[in-house]
$ cat protein-v3.cif   # mmCIF, C-alpha atoms
data_my_file
#
loop_
_atom_site.label_atom_id
_atom_site.label_comp_id
_atom_site.auth_asym_id
_atom_site.auth_seq_id
_atom_site.Cartn_x
_atom_site.Cartn_y
_atom_site.Cartn_z
CA PHE A 96 -81.25 -162.05 -21.03
CA ILE A 97 -79.41 -158.75 -21.51
CA ASN A 98 -76.08 -160.59 -21.04
CA ASP A 99 -77.00 -163.58 -23.19
CA SER A 100 -74.33 -164.72 -25.65
CA ASP A 101 -76.79 -164.51 -28.58
CA PRO A 102 -75.79 -162.92 -30.90
CA LYS A 103 -72.05 -163.43 -31.25
CA LEU A 104 -69.87 -161.12 -33.33
CA SER A 105 -69.61 -163.93 -35.87
CA ASP A 106 -73.41 -164.07 -36.37
CA ASP A 107 -75.13 -163.01 -39.60
CA GLY A 108 -76.63 -159.76 -38.30
CA HIS A 109 -73.26 -158.29 -37.37
CA LYS A 110 -71.62 -159.52 -40.57
CA LYS A 111 -74.42 -158.14 -42.75
CA ILE A 112 -74.04 -154.71 -41.17
CA GLU A 113 -70.28 -154.88 -41.77
CA LYS A 114 -71.17 -155.33 -45.45
CA GLY A 115 -73.51 -152.31 -45.37
CA GLU A 116 -76.80 -154.24 -45.26
CA GLU A 117 -79.54 -152.93 -43.02
CA PRO A 118 -81.14 -155.68 -40.88
CA HIS A 119 -84.90 -156.15 -41.02
CA THR A 120 -85.72 -158.92 -38.55
CA ILE A 121 -85.14 -159.72 -34.89
CA THR A 122 -82.85 -162.71 -34.75
CA SER A 123 -81.27 -162.82 -31.31
CA VAL A 124 -81.87 -162.75 -27.56
CA ARG A 125 -80.22 -159.36 -27.03
CA GLY A 126 -82.08 -158.06 -30.08
CA TRP A 127 -85.36 -159.11 -28.48
CA CYS A 128 -84.25 -157.45 -25.23
CA ALA A 129 -84.01 -154.13 -27.05
CA TRP A 130 -87.44 -154.64 -28.60
CA VAL A 131 -88.99 -155.50 -25.22
CA LEU A 132 -87.35 -152.48 -23.57
CA MET A 133 -88.89 -150.28 -26.26
CA LYS A 134 -92.30 -151.65 -25.29
CA CYS A 135 -91.56 -150.97 -21.59
CA ALA A 136 -90.61 -147.29 -22.03
CA VAL A 137 -94.25 -146.23 -21.76
CA PRO A 138 -96.34 -144.73 -18.94
CA ASP A 139 -97.16 -148.16 -17.46
CA GLY A 140 -93.41 -148.83 -17.22
CA ARG A 141 -92.52 -145.52 -15.53
CA GLU A 142 -91.45 -147.12 -12.26
CA TYR A 143 -88.74 -149.02 -14.16
CA ILE A 144 -87.43 -146.12 -16.26
CA ASP A 145 -84.08 -145.86 -14.42
CA LYS A 146 -83.44 -149.54 -15.03
CA ILE A 147 -84.67 -149.33 -18.63
CA ILE A 148 -82.26 -146.47 -19.36
CA LYS A 149 -79.32 -148.43 -17.90
CA LEU A 150 -80.19 -151.53 -19.92
CA ILE A 151 -80.62 -149.57 -23.15
CA LYS A 152 -77.28 -147.87 -22.52
CA GLN A 153 -75.70 -151.31 -22.13
CA LEU A 154 -77.18 -152.42 -25.45
CA THR A 155 -75.98 -149.28 -27.26
CA GLU A 156 -72.44 -150.07 -26.04
CA ASP A 157 -72.57 -153.68 -27.25
CA LYS A 158 -69.77 -154.64 -29.64
CA ASN A 159 -72.26 -156.34 -31.97
CA TYR A 160 -73.54 -153.93 -34.63
CA TYR A 161 -76.83 -155.79 -34.86
CA VAL A 162 -77.46 -155.21 -31.13
CA GLN A 163 -76.58 -151.53 -31.55
CA HIS A 164 -79.10 -151.38 -34.40
CA MET A 165 -81.79 -152.98 -32.24
CA SER A 166 -80.97 -150.69 -29.31
CA CYS A 167 -81.99 -147.72 -31.47
CA PHE A 168 -85.63 -148.82 -31.33
CA ALA A 169 -85.67 -148.63 -27.54
CA LEU A 170 -83.53 -145.49 -27.44
CA SER A 171 -85.86 -143.82 -29.93
CA GLN A 172 -88.83 -144.56 -27.67
CA LEU A 173 -87.03 -143.01 -24.70
CA ALA A 174 -86.00 -140.00 -26.79
CA ARG A 175 -89.59 -139.48 -27.88
CA ASN A 176 -91.02 -139.66 -24.37
CA ARG A 177 -88.22 -137.96 -22.43
CA LEU A 178 -89.82 -134.50 -22.30
CA SER A 179 -93.45 -135.63 -22.43
CA PHE A 180 -95.93 -134.92 -19.70
CA ILE A 181 -98.06 -137.70 -18.27
CA ASN A 182 -100.93 -135.72 -16.85
CA ILE A 183 -103.43 -133.25 -18.20
CA ASP A 184 -102.24 -130.22 -16.25
CA LYS A 185 -98.69 -130.83 -17.55
CA LYS A 186 -96.85 -130.72 -14.25
CA ILE A 187 -95.35 -134.22 -14.22
CA LEU A 188 -92.79 -135.33 -16.79
CA PHE A 189 -92.82 -138.89 -18.11
CA LEU A 190 -89.38 -139.81 -16.80
CA ASN A 191 -89.90 -138.86 -13.16
CA ASN A 192 -92.23 -136.99 -10.83
CA ASP A 193 -89.32 -134.78 -9.75
CA THR A 194 -88.80 -132.28 -12.59
CA GLU A 195 -85.11 -131.76 -11.88
CA LYS A 196 -84.42 -135.49 -11.89
CA ALA A 197 -86.54 -135.97 -15.03
CA LEU A 198 -84.55 -133.30 -16.87
CA LYS A 199 -81.27 -134.92 -15.80
CA MET A 200 -82.56 -138.27 -17.08
CA ALA A 201 -83.56 -136.62 -20.37
CA LYS A 202 -80.01 -135.27 -20.72
CA ASP A 203 -78.64 -138.76 -19.95
CA ILE A 204 -80.76 -140.17 -22.79
CA GLU A 205 -79.37 -137.53 -25.16
CA GLU A 206 -75.85 -138.41 -24.01
CA ILE A 207 -76.44 -142.10 -24.73
CA ALA A 208 -77.67 -141.17 -28.21
CA PHE A 209 -74.67 -138.94 -28.88
CA ASN A 210 -72.26 -141.61 -27.63
CA LEU A 211 -73.80 -144.15 -30.00
CA LEU A 212 -73.74 -141.67 -32.89
CA GLU A 213 -70.09 -140.88 -32.21
CA ASN A 214 -69.24 -144.58 -31.98
CA ILE A 215 -70.97 -145.33 -35.29
CA SER A 216 -69.36 -142.30 -36.96
CA LYS A 217 -65.93 -143.89 -36.38
CA LYS A 218 -66.85 -147.14 -38.14
CA SER A 219 -66.39 -148.15 -41.75
CA LYS A 220 -68.45 -146.60 -44.53
CA ASP A 221 -70.54 -149.78 -44.83
CA VAL A 222 -71.34 -149.91 -41.10
CA LYS A 223 -72.33 -146.24 -41.11
CA LYS A 224 -74.50 -146.85 -44.17
CA ALA A 225 -76.27 -149.81 -42.53
CA LEU A 226 -76.84 -148.07 -39.17
CA ALA A 227 -77.62 -144.55 -40.41
CA LYS A 228 -81.39 -144.95 -40.53
CA SER A 229 -81.46 -146.51 -37.05
CA ILE A 230 -79.48 -143.77 -35.32
CA LEU A 231 -81.20 -141.01 -37.29
CA THR A 232 -84.55 -142.31 -36.06
CA VAL A 233 -83.32 -141.66 -32.52
CA PHE A 234 -82.28 -138.10 -33.34
CA ASP A 235 -85.51 -137.48 -35.20
CA ARG A 236 -87.21 -137.89 -31.80
CA ILE A 237 -84.81 -135.55 -30.00
CA LYS A 238 -86.25 -132.07 -30.28
CA GLY A 239 -84.85 -128.92 -28.78
CA LEU A 240 -81.09 -129.38 -29.06
CA ASP A 241 -79.13 -126.32 -28.12
CA GLU A 242 -76.64 -124.77 -30.55
CA LYS A 243 -73.67 -126.70 -29.16
CA ASP A 244 -75.42 -130.07 -29.43
CA SER A 245 -76.85 -129.23 -32.86
CA LEU A 246 -73.35 -128.48 -34.16
CA LYS A 247 -72.06 -131.66 -32.54
CA PHE A 248 -74.79 -133.64 -34.31
CA LEU A 249 -74.04 -132.03 -37.68
CA ASN A 250 -70.30 -132.61 -37.37
CA LEU A 251 -70.83 -136.29 -36.54
CA ILE A 252 -73.48 -136.95 -39.17
CA ARG A 253 -71.29 -135.38 -41.87
CA LYS A 254 -68.96 -138.36 -41.42
CA PHE A 255 -71.66 -140.67 -42.82
CA PRO A 256 -71.87 -141.55 -46.53
CA ALA A 257 -73.89 -138.97 -48.46
CA GLU A 258 -76.34 -141.57 -49.75
CA SER A 259 -77.23 -142.68 -46.23
CA ILE A 260 -78.06 -139.18 -44.97
CA ALA A 261 -79.47 -137.65 -48.17
CA GLU A 262 -83.04 -137.60 -46.89
#
$ encode --input "protein-v3.cif" --output "structure tokens"
Amino acid sequence: FINDSDPKLSDDGHKKIEKGEEPHTITSVRGWCAWVLMKCAVPDGREYIDKIIKLIKQLTEDKNYYVQHMSCFALSQLARNRLSFINIDKKILFLNNDTEKALKMAKDIEEIAFNLLENISKKSKDVKKALAKSILTVFDRIKGLDEKDSLKFLNLIRKFPAESIAE
């Protein structure tokens, strides 16, 4: 389903975002894929995390703005859980039992988020306005950015219309 032709660039969701309208419903196969992946990025889905990350990355790189918007739901879930522990004694990270690999995966998730933010920051004012809340939700879940990444975030977000980042 991740490669389904629905939605096309000519579909309403993409066109509405081009006009600066924020979408509020799931209207396509790839949109549903993003929603389902969000629901899979939980402890019961741990064994599929590598695959989930790859699929979410694919959705964030989709040419359709609506699919990019939907991908933010799943990416936000990954961002939230990426440095979480799954056991009481806090020795096992959510992403992987191997701490080094889990930390690399967490960095990969941040990179996907930054790539999407950078991509959106190059779009028209209306597209940035429509997608601002979605991408900011992802970064709201990313805690602990170093100084370099924090400055990168600020420089990219400053390219968005003031009214869309005022909060």
$ resolve_selection --input "protein-v3.cif" --expression "the PyMOL selection byres ((chain A and resi 219) around 10)" --output "CSV table (one decimal) with C-alpha atoms, in the coordinates of the input"
chain,number,residue,atom,x,y,z
A,113,GLU,CA,-70.3,-154.9,-41.8
A,114,LYS,CA,-71.2,-155.3,-45.4
A,115,GLY,CA,-73.5,-152.3,-45.4
A,215,ILE,CA,-71.0,-145.3,-35.3
A,216,SER,CA,-69.4,-142.3,-37.0
A,217,LYS,CA,-65.9,-143.9,-36.4
A,218,LYS,CA,-66.8,-147.1,-38.1
A,220,LYS,CA,-68.4,-146.6,-44.5
A,221,ASP,CA,-70.5,-149.8,-44.8
A,222,VAL,CA,-71.3,-149.9,-41.1
A,223,LYS,CA,-72.3,-146.2,-41.1
A,224,LYS,CA,-74.5,-146.8,-44.2
A,255,PHE,CA,-71.7,-140.7,-42.8
A,256,PRO,CA,-71.9,-141.6,-46.5
$ closest_residue --input "protein-v3.cif" --among "A:Asp193, A:Glu117, A:Pro138, A:Ile148" --to "Ser259 (chain A)" --atoms "only C-alpha atoms"
A:Glu117
$ residues_around --input "protein-v3.cif" --residues "Leu240 (chain A)" --least-positions-apart "6" --cutoff "12 Å" --atoms "all atoms listed in the file" --output "ChimeraX atom specification"
/A:174,201-202,205-206,209,234,246-249
$ atom_distance --input "protein-v3.cif" --atom1 "CA of Leu132 (chain A)" --atom2 "CA of Ile147 (chain A)"
6.4 Å
$ atom_distance --input "protein-v3.cif" --atom1 "CA of Gln172 (chain A)" --atom2 "CA of Ile204 (chain A)"
10.4 Å
$ resolve_selection --input "protein-v3.cif" --expression "the PyMOL selection byres ((chain A and resi 181-189) around 12)" --output "NGL selection string"
:A and (136-145 or 172-180 or 190-201)
$ closest_atom_pairs --input "protein-v3.cif" --of "region 158-213 of chain A" --to "region 251-254 of chain A" --cutoff "12 Å" --atoms "all atoms listed in the file" --output "JSON lines"
{"residue": "A:Ala208", "atom": "CA", "partner": "A:Leu251", "partner_atom": "CA", "distance": 11.8}
{"residue": "A:Phe209", "atom": "CA", "partner": "A:Leu251", "partner_atom": "CA", "distance": 9.0}
{"residue": "A:Asn210", "atom": "CA", "partner": "A:Leu251", "partner_atom": "CA", "distance": 10.5}
{"residue": "A:Leu211", "atom": "CA", "partner": "A:Leu251", "partner_atom": "CA", "distance": 10.6}
{"residue": "A:Leu212", "atom": "CA", "partner": "A:Leu251", "partner_atom": "CA", "distance": 7.1}
{"residue": "A:Glu213", "atom": "CA", "partner": "A:Leu251", "partner_atom": "CA", "distance": 6.4}
$ closest_residue --input "protein-v3.cif" --among "A:Gln153, A:Ser123, A:Asn214, A:Asn250" --to "Leu226 (chain A)" --atoms "all atoms listed in the file"
A:Asn214
$ residues_around --input "protein-v3.cif" --residues "Cys167 (chain A)" --least-positions-apart "4" --cutoff "8 Å" --atoms "all atoms listed in the file" --output "list in words"
Thr155, Gln163, Ser171, Ser229, Ile230, Thr232 and Val233 of chain A
$ axis_aligned_box --input "protein-v3.cif" --around "region 204-220 of chain A" --padding-each-side "4 Å" --output "JSON"
{"center_x": -73.3, "center_y": -142.8, "center_z": -33.7, "size_x": 22.8, "size_y": 18.6, "size_z": 29.7}
$ closest_residue --input "protein-v3.cif" --among "A:Ala257, A:Ala169, A:Ile237, A:Ala227" --to "Val131 (chain A)" --atoms "only C-alpha atoms"
A:Ala169
$ atom_distance --input "protein-v3.cif" --atom1 "CA of Lys103 (chain A)" --atom2 "CA of Asp203 (chain A)"
27.9 Å
$ residues_around --input "protein-v3.cif" --residues "Arg125 (chain A)" --least-positions-apart "3" --cutoff "10 Å" --atoms "only C-alpha atoms" --output "list in words"
Phe96, Ile97, Asn98, Asp99, Ser100, Asp101, Pro102, Ile121, Thr122, Cys128, Ala129, Trp130, Val131, Leu154, Asp157, Asn159, Tyr161, Val162, Gln163, Met165 and Ser166 of chain A
